[in-house]
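Peer 1: Structure supplied as query_29.txt; contents: compact mmCIF, N, CA and C atoms.
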```
# COMPACT_ATOMS: atom_id res chain seq x y z
N MET G 1 32.76 61.58 31.37
CA MET G 1 34.05 61.21 31.92
C MET G 1 35.11 62.11 31.29
N SER G 2 36.15 62.44 32.03
CA SER G 2 37.17 63.34 31.51
C SER G 2 38.51 62.61 31.39
N ILE G 3 39.41 63.24 30.63
CA ILE G 3 40.75 62.70 30.42
C ILE G 3 41.71 63.49 31.29
N ILE G 4 42.55 62.80 32.04
CA ILE G 4 43.55 63.45 32.89
C ILE G 4 44.82 63.64 32.07
N VAL G 5 45.34 64.86 32.06
CA VAL G 5 46.54 65.22 31.29
C VAL G 5 47.47 66.00 32.21
N VAL G 6 48.77 65.83 32.02
CA VAL G 6 49.77 66.61 32.77
C VAL G 6 50.52 67.47 31.76
N CYS G 7 50.57 68.75 32.01
CA CYS G 7 51.27 69.67 31.10
C CYS G 7 52.78 69.50 31.28
N PRO G 8 53.59 70.02 30.35
CA PRO G 8 55.06 69.88 30.44
C PRO G 8 55.64 70.47 31.73
N ASN G 9 54.94 71.41 32.36
CA ASN G 9 55.42 72.01 33.61
C ASN G 9 54.89 71.32 34.85
N GLY G 10 54.15 70.21 34.66
CA GLY G 10 53.69 69.40 35.80
C GLY G 10 52.31 69.73 36.33
N HIS G 11 51.58 70.60 35.67
CA HIS G 11 50.21 70.91 36.13
C HIS G 11 49.26 69.80 35.69
N LYS G 12 48.47 69.33 36.63
CA LYS G 12 47.51 68.26 36.33
C LYS G 12 46.22 68.89 35.83
N LEU G 13 45.78 68.44 34.65
CA LEU G 13 44.59 69.04 34.01
C LEU G 13 43.56 67.98 33.68
N LYS G 14 42.32 68.42 33.55
CA LYS G 14 41.23 67.55 33.10
C LYS G 14 40.73 68.11 31.77
N ALA G 15 40.53 67.22 30.80
CA ALA G 15 40.01 67.64 29.49
C ALA G 15 38.77 66.82 29.18
N GLN G 16 37.85 67.42 28.47
CA GLN G 16 36.64 66.71 28.08
C GLN G 16 36.98 65.68 27.02
N GLU G 17 36.18 64.60 26.98
CA GLU G 17 36.42 63.53 26.02
C GLU G 17 36.33 64.02 24.58
N LYS G 18 35.48 65.00 24.33
CA LYS G 18 35.31 65.48 22.96
C LYS G 18 36.55 66.19 22.44
N LYS G 19 37.48 66.56 23.35
CA LYS G 19 38.72 67.23 22.94
C LYS G 19 39.88 66.26 22.80
N ALA G 20 39.60 64.96 22.86
CA ALA G 20 40.64 63.94 22.73
C ALA G 20 41.30 64.05 21.36
N GLY G 21 42.64 63.93 21.35
CA GLY G 21 43.39 63.99 20.11
C GLY G 21 43.73 65.41 19.66
N LYS G 22 43.37 66.42 20.42
CA LYS G 22 43.62 67.82 20.03
C LYS G 22 44.72 68.41 20.91
N ILE G 23 45.12 69.63 20.55
CA ILE G 23 46.13 70.34 21.32
C ILE G 23 45.44 71.49 22.06
N GLY G 24 45.76 71.64 23.33
CA GLY G 24 45.20 72.71 24.14
C GLY G 24 46.30 73.47 24.84
N HIS G 25 45.92 74.42 25.66
CA HIS G 25 46.88 75.21 26.43
C HIS G 25 46.57 75.07 27.90
N CYS G 26 47.63 74.97 28.69
CA CYS G 26 47.49 74.88 30.14
C CYS G 26 47.00 76.23 30.66
N PRO G 27 45.92 76.26 31.44
CA PRO G 27 45.43 77.53 31.96
C PRO G 27 46.36 78.15 33.01
N ALA G 28 47.22 77.35 33.63
CA ALA G 28 48.11 77.88 34.66
C ALA G 28 49.36 78.53 34.07
N CYS G 29 49.96 77.90 33.03
CA CYS G 29 51.23 78.42 32.51
C CYS G 29 51.20 78.72 31.02
N GLY G 30 50.17 78.30 30.32
CA GLY G 30 50.05 78.59 28.90
C GLY G 30 50.79 77.63 27.98
N ALA G 31 51.41 76.61 28.54
CA ALA G 31 52.15 75.66 27.71
C ALA G 31 51.19 74.82 26.88
N GLU G 32 51.67 74.39 25.70
CA GLU G 32 50.85 73.53 24.85
C GLU G 32 50.76 72.14 25.46
N VAL G 33 49.56 71.61 25.43
CA VAL G 33 49.32 70.28 25.99
C VAL G 33 48.62 69.44 24.93
N VAL G 34 49.20 68.28 24.63
CA VAL G 34 48.57 67.36 23.68
C VAL G 34 47.63 66.45 24.47
N ILE G 35 46.36 66.48 24.10
CA ILE G 35 45.36 65.63 24.77
C ILE G 35 45.34 64.31 24.00
N PRO G 36 45.67 63.22 24.66
CA PRO G 36 45.77 61.93 23.96
C PRO G 36 44.41 61.47 23.45
N PRO G 37 44.41 60.69 22.33
CA PRO G 37 43.15 60.15 21.83
C PRO G 37 42.61 59.09 22.79
N LEU G 38 41.32 58.86 22.73
CA LEU G 38 40.70 57.85 23.58
C LEU G 38 41.18 56.47 23.16
N GLU G 39 41.42 55.64 24.13
CA GLU G 39 41.82 54.26 23.84
C GLU G 39 40.57 53.43 23.59
N GLU G 40 40.64 52.63 22.55
CA GLU G 40 39.52 51.74 22.26
C GLU G 40 39.60 50.55 23.20
N LYS G 41 38.47 50.13 23.70
CA LYS G 41 38.43 48.95 24.54
C LYS G 41 38.51 47.73 23.63
N LYS G 42 39.52 46.91 23.86
CA LYS G 42 39.72 45.73 23.03
C LYS G 42 39.04 44.53 23.68
N THR G 43 38.44 43.72 22.85
CA THR G 43 37.77 42.51 23.32
C THR G 43 38.75 41.36 23.21
N SER G 44 38.89 40.60 24.29
CA SER G 44 39.82 39.49 24.28
C SER G 44 39.23 38.31 23.50
N GLU G 45 40.12 37.42 23.08
CA GLU G 45 39.68 36.24 22.34
C GLU G 45 38.77 35.37 23.19
N SER G 46 39.08 35.24 24.49
CA SER G 46 38.25 34.41 25.35
C SER G 46 36.85 35.01 25.50
N SER G 47 36.75 36.34 25.50
CA SER G 47 35.43 36.97 25.58
C SER G 47 34.62 36.68 24.33
N ILE G 48 35.27 36.73 23.17
CA ILE G 48 34.58 36.43 21.92
C ILE G 48 34.09 34.99 21.90
N LEU G 49 34.95 34.06 22.34
CA LEU G 49 34.55 32.65 22.37
C LEU G 49 33.40 32.43 23.34
N ARG G 50 33.40 33.15 24.47
CA ARG G 50 32.31 33.03 25.43
C ARG G 50 31.01 33.54 24.84
N ILE G 51 31.07 34.65 24.09
CA ILE G 51 29.88 35.20 23.45
C ILE G 51 29.33 34.23 22.42
N LEU G 52 30.23 33.60 21.67
CA LEU G 52 29.81 32.65 20.64
C LEU G 52 29.36 31.31 21.22
N GLY G 53 29.65 31.08 22.48
CA GLY G 53 29.24 29.83 23.13
C GLY G 53 30.21 28.69 22.94
N VAL G 54 31.40 28.97 22.41
CA VAL G 54 32.39 27.93 22.20
C VAL G 54 32.92 27.49 23.56
N GLY G 55 32.92 26.20 23.80
CA GLY G 55 33.40 25.65 25.06
C GLY G 55 32.37 25.67 26.18
N GLN G 56 31.16 26.09 25.90
CA GLN G 56 30.12 26.15 26.94
C GLN G 56 29.84 24.76 27.50
N GLU G 57 29.81 23.75 26.61
CA GLU G 57 29.54 22.38 27.05
C GLU G 57 30.59 21.92 28.06
N LEU G 58 31.86 22.22 27.75
CA LEU G 58 32.94 21.81 28.63
C LEU G 58 32.84 22.52 29.98
N ARG G 59 32.54 23.82 29.97
CA ARG G 59 32.40 24.55 31.24
C ARG G 59 31.26 23.98 32.08
N GLU G 60 30.14 23.65 31.44
CA GLU G 60 29.01 23.08 32.17
C GLU G 60 29.37 21.72 32.74
N ARG G 61 30.09 20.91 31.95
CA ARG G 61 30.47 19.58 32.42
C ARG G 61 31.42 19.68 33.61
N LEU G 62 32.36 20.62 33.54
CA LEU G 62 33.28 20.81 34.67
C LEU G 62 32.54 21.30 35.91
N ASN G 63 31.57 22.18 35.74
CA ASN G 63 30.78 22.65 36.88
C ASN G 63 29.97 21.52 37.49
N ASP G 64 29.41 20.64 36.64
CA ASP G 64 28.65 19.51 37.15
C ASP G 64 29.53 18.54 37.92
N GLU G 65 30.77 18.32 37.43
CA GLU G 65 31.69 17.41 38.10
C GLU G 65 32.11 17.96 39.46
N ASN G 66 32.17 19.25 39.60
CA ASN G 66 32.60 19.86 40.86
C ASN G 66 31.45 20.06 41.84
N ASP G 67 30.23 19.73 41.44
CA ASP G 67 29.06 19.92 42.29
C ASP G 67 28.85 18.69 43.17
N PRO G 68 29.12 18.74 44.47
CA PRO G 68 28.96 17.57 45.34
C PRO G 68 27.51 17.14 45.47
N GLN G 69 26.55 18.04 45.29
CA GLN G 69 25.14 17.67 45.38
C GLN G 69 24.74 16.75 44.24
N GLU G 70 25.41 16.89 43.10
CA GLU G 70 25.09 16.08 41.93
C GLU G 70 25.34 14.61 42.22
N GLU G 71 26.40 14.27 42.96
CA GLU G 71 26.72 12.88 43.29
C GLU G 71 25.69 12.29 44.23
N ALA G 72 25.18 13.08 45.12
CA ALA G 72 24.29 12.57 46.16
C ALA G 72 22.85 12.41 45.69
N LYS G 73 22.50 12.85 44.50
CA LYS G 73 21.12 12.79 44.04
C LYS G 73 20.61 11.36 43.89
N ASP G 74 21.45 10.45 43.38
CA ASP G 74 21.02 9.08 43.10
C ASP G 74 21.18 8.16 44.30
N LEU G 75 21.70 8.63 45.40
CA LEU G 75 21.94 7.78 46.55
C LEU G 75 20.76 7.80 47.51
N ASP G 76 20.57 6.69 48.19
CA ASP G 76 19.58 6.59 49.23
C ASP G 76 20.07 7.40 50.43
N PRO G 77 19.19 8.19 51.08
CA PRO G 77 19.65 9.01 52.20
C PRO G 77 20.33 8.21 53.31
N SER G 78 19.88 6.99 53.55
CA SER G 78 20.52 6.18 54.60
C SER G 78 21.94 5.80 54.19
N ASP G 79 22.17 5.59 52.89
CA ASP G 79 23.51 5.27 52.42
C ASP G 79 24.45 6.46 52.61
N VAL G 80 23.92 7.64 52.37
CA VAL G 80 24.73 8.84 52.53
C VAL G 80 25.12 9.01 53.99
N LEU G 81 24.19 8.75 54.90
CA LEU G 81 24.50 8.88 56.32
C LEU G 81 25.54 7.86 56.76
N ASN G 82 25.50 6.66 56.14
CA ASN G 82 26.45 5.61 56.50
C ASN G 82 27.78 5.77 55.76
N GLY G 83 27.86 6.70 54.82
CA GLY G 83 29.10 6.91 54.08
C GLY G 83 29.25 6.00 52.89
N ILE G 84 28.19 5.25 52.54
CA ILE G 84 28.25 4.34 51.40
C ILE G 84 27.99 5.13 50.13
N GLY G 85 28.79 4.90 49.14
CA GLY G 85 28.55 5.53 47.85
C GLY G 85 29.23 6.87 47.67
N LEU G 86 29.82 7.39 48.71
CA LEU G 86 30.52 8.65 48.55
C LEU G 86 31.94 8.37 48.05
N VAL G 87 32.30 8.97 46.95
CA VAL G 87 33.58 8.72 46.32
C VAL G 87 34.44 9.97 46.45
N GLU G 88 35.64 9.77 46.90
CA GLU G 88 36.56 10.90 46.99
C GLU G 88 37.09 11.21 45.60
N LYS G 89 37.10 12.47 45.25
CA LYS G 89 37.55 12.87 43.91
C LYS G 89 39.05 12.59 43.78
N LYS G 90 39.43 12.14 42.58
CA LYS G 90 40.84 11.88 42.31
C LYS G 90 41.55 13.21 42.10
N LYS G 91 42.71 13.33 42.67
CA LYS G 91 43.52 14.52 42.47
C LYS G 91 44.54 14.21 41.39
N LEU G 92 44.62 15.06 40.40
CA LEU G 92 45.59 14.87 39.34
C LEU G 92 46.97 15.23 39.85
N PRO G 93 47.99 14.49 39.38
CA PRO G 93 49.34 14.81 39.84
C PRO G 93 49.77 16.18 39.34
N THR G 94 50.49 16.89 40.18
CA THR G 94 50.96 18.22 39.79
C THR G 94 52.41 18.19 39.33
N LYS G 95 53.09 17.11 39.61
CA LYS G 95 54.50 16.96 39.23
C LYS G 95 54.70 15.60 38.57
N LYS G 96 55.75 15.51 37.73
CA LYS G 96 56.17 14.23 37.16
C LYS G 96 57.68 14.25 37.02
N ILE G 97 58.25 13.06 36.86
CA ILE G 97 59.70 12.91 36.74
C ILE G 97 60.04 12.65 35.28
N CYS G 98 60.99 13.41 34.77
CA CYS G 98 61.45 13.21 33.39
C CYS G 98 62.24 11.90 33.33
N PRO G 99 61.90 10.97 32.42
CA PRO G 99 62.60 9.70 32.36
C PRO G 99 64.04 9.82 31.82
N GLN G 100 64.34 10.93 31.18
CA GLN G 100 65.68 11.08 30.60
C GLN G 100 66.67 11.71 31.59
N CYS G 101 66.25 12.78 32.29
CA CYS G 101 67.18 13.49 33.17
C CYS G 101 66.81 13.38 34.65
N ASP G 102 65.68 12.75 34.97
CA ASP G 102 65.21 12.54 36.35
C ASP G 102 64.90 13.83 37.10
N TRP G 103 64.61 14.90 36.38
CA TRP G 103 64.19 16.15 37.01
C TRP G 103 62.70 16.09 37.30
N GLU G 104 62.30 16.70 38.42
CA GLU G 104 60.88 16.81 38.74
C GLU G 104 60.37 18.09 38.08
N ILE G 105 59.31 17.92 37.25
CA ILE G 105 58.76 19.06 36.52
C ILE G 105 57.24 19.07 36.69
N ASP G 106 56.60 20.17 36.31
CA ASP G 106 55.14 20.25 36.38
C ASP G 106 54.52 19.22 35.45
N ALA G 107 53.41 18.63 35.89
CA ALA G 107 52.76 17.57 35.13
C ALA G 107 52.20 18.07 33.80
N GLY G 108 51.94 19.35 33.66
CA GLY G 108 51.38 19.88 32.43
C GLY G 108 52.39 20.06 31.31
N PHE G 109 53.67 19.96 31.60
CA PHE G 109 54.68 20.15 30.56
C PHE G 109 54.68 18.99 29.58
N LYS G 110 54.81 19.30 28.31
CA LYS G 110 54.94 18.28 27.27
C LYS G 110 56.41 18.09 26.89
N ILE G 111 57.25 19.09 27.19
CA ILE G 111 58.68 19.03 26.92
C ILE G 111 59.41 19.40 28.20
N CYS G 112 60.39 18.60 28.57
CA CYS G 112 61.17 18.88 29.78
C CYS G 112 61.99 20.14 29.57
N PRO G 113 61.86 21.14 30.46
CA PRO G 113 62.62 22.38 30.28
C PRO G 113 64.12 22.21 30.52
N HIS G 114 64.51 21.09 31.14
CA HIS G 114 65.93 20.87 31.44
C HIS G 114 66.65 20.18 30.29
N CYS G 115 66.10 19.07 29.76
CA CYS G 115 66.80 18.31 28.73
C CYS G 115 66.08 18.27 27.39
N ARG G 116 64.88 18.90 27.30
CA ARG G 116 64.09 18.96 26.08
C ARG G 116 63.52 17.60 25.64
N TYR G 117 63.36 16.68 26.61
CA TYR G 117 62.72 15.40 26.31
C TYR G 117 61.24 15.64 26.03
N TYR G 118 60.71 15.03 24.96
CA TYR G 118 59.31 15.20 24.58
C TYR G 118 58.48 14.05 25.14
N PHE G 119 57.46 14.39 25.93
CA PHE G 119 56.57 13.39 26.50
C PHE G 119 55.51 13.02 25.47
N MET G 120 55.37 11.74 25.16
CA MET G 120 54.41 11.30 24.16
C MET G 120 52.98 11.39 24.66
N SER G 121 52.73 11.16 25.94
CA SER G 121 51.36 11.23 26.46
C SER G 121 51.33 11.84 27.82
```
Taking this structure as input, can you express it in the form of C-alpha cells?

Peer 2:
Amino acid sequence: MSIIVVCPNGHKLKAQEKKAGKIGHCPACGAEVVIPPLEEKKTSESSILRILGVGQELRERLNDENDPQEEAKDLDPSDVLNGIGLVEKKKLPTKKICPQCDWEIDAGFKICPHCRYYFMS
C-alpha cells in the first residue's frame, strides 16, 4: 500500500510505506515533500471489552429476548395458531415529563436539561 502526498506546488504523489516519516523531492518540480509517518490503528475500548468477553452475557440475553422463535418453543402449536400465549413486547417510554418544570425530555436523561432537576429513578 502507498501513501498519498501532495507537494507544495499541488502535485499529487505516491510514496512507498517504507519512506514514511522521511523527506523526498517532487519529481515534477523538485520541491521538498515531507512524507507523513504511518498512523497507528487504535483499538477502541469497546473492541477491547468485546475481546475480553466483558458484557457477553448481557448481549446474549438481549439477543434471546429479541428472538421471537424463543417464545414459541414452549407453546403448543394449536395455541400458537389460535393466538394464545403470544405476548406483545412492552415498549419502553422514549419521553418523560420533568416534575419540576413540566418539560418533555428523553426518558434516558437523569438530569433535566432545562431546570437541572435530578431524577432519583

Peer 1: Given 4 Å on each side, where is the centre and what are the edge lengths in Å to one decimal of the axis-aligned box enclosing the listed atoms of segment 34-40 of chain G, as AutoDock Vina command-line options?

Peer 2:
```
--center_x 44.4 --center_y 59.4 --center_z 23.3 --size_x 17.7 --size_y 25.7 --size_z 10.9
```

Peer 1: Mind checking which residues fall within 8 Å of Cys7 of chain G, counting all atoms listed in the file, ignoring those fewer than 5 positions away in the same chain, and posting them as a ChimeraX atom specification?

Peer 2: /G:12-13,25-26,31-34

Peer 1: Just to confirm, what's the straight-line distance from atom CA of Thr43 of chain G to atom CA of Lys18 of chain G in Å (one decimal)?

Peer 2: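 We find that atom CA of Thr43 of chain G and atom CA of Lys18 of chain G lie 23.1 Å from each other.
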
Peer 1: One decimal, in Å: what's the spacing between atom CA of Pro99 of chain G and atom CA of Phe119 of chain G?

Peer 2: 9.2 Å

Peer 1: May I have the protein, DNA and RNA residues with any atom at most 7 Å from the point (34.0, 60.8, 25.7), counting all atoms listed in the file, written as a PDB file with N, CA and C atoms, keeping the file's coordinate frame?

Peer 2:
```
ATOM      1  N   MET G   1      32.760  61.580  31.370  1.00  0.00           N
ATOM      2  CA  MET G   1      34.050  61.210  31.920  1.00  0.00           C
ATOM      3  C   MET G   1      35.110  62.110  31.290  1.00  0.00           C
ATOM      4  N   SER G   2      36.150  62.440  32.030  1.00  0.00           N
ATOM      5  CA  SER G   2      37.170  63.340  31.510  1.00  0.00           C
ATOM      6  C   SER G   2      38.510  62.610  31.390  1.00  0.00           C
ATOM      7  N   GLN G  16      37.850  67.420  28.470  1.00  0.00           N
ATOM      8  CA  GLN G  16      36.640  66.710  28.080  1.00  0.00           C
ATOM      9  C   GLN G  16      36.980  65.680  27.020  1.00  0.00           C
ATOM     10  N   GLU G  17      36.180  64.600  26.980  1.00  0.00           N
ATOM     11  CA  GLU G  17      36.420  63.530  26.020  1.00  0.00           C
ATOM     12  C   GLU G  17      36.330  64.020  24.580  1.00  0.00           C
ATOM     13  N   LYS G  18      35.480  65.000  24.330  1.00  0.00           N
ATOM     14  CA  LYS G  18      35.310  65.480  22.960  1.00  0.00           C
ATOM     15  C   LYS G  18      36.550  66.190  22.440  1.00  0.00           C
TER      16      LYS G  18
END
```
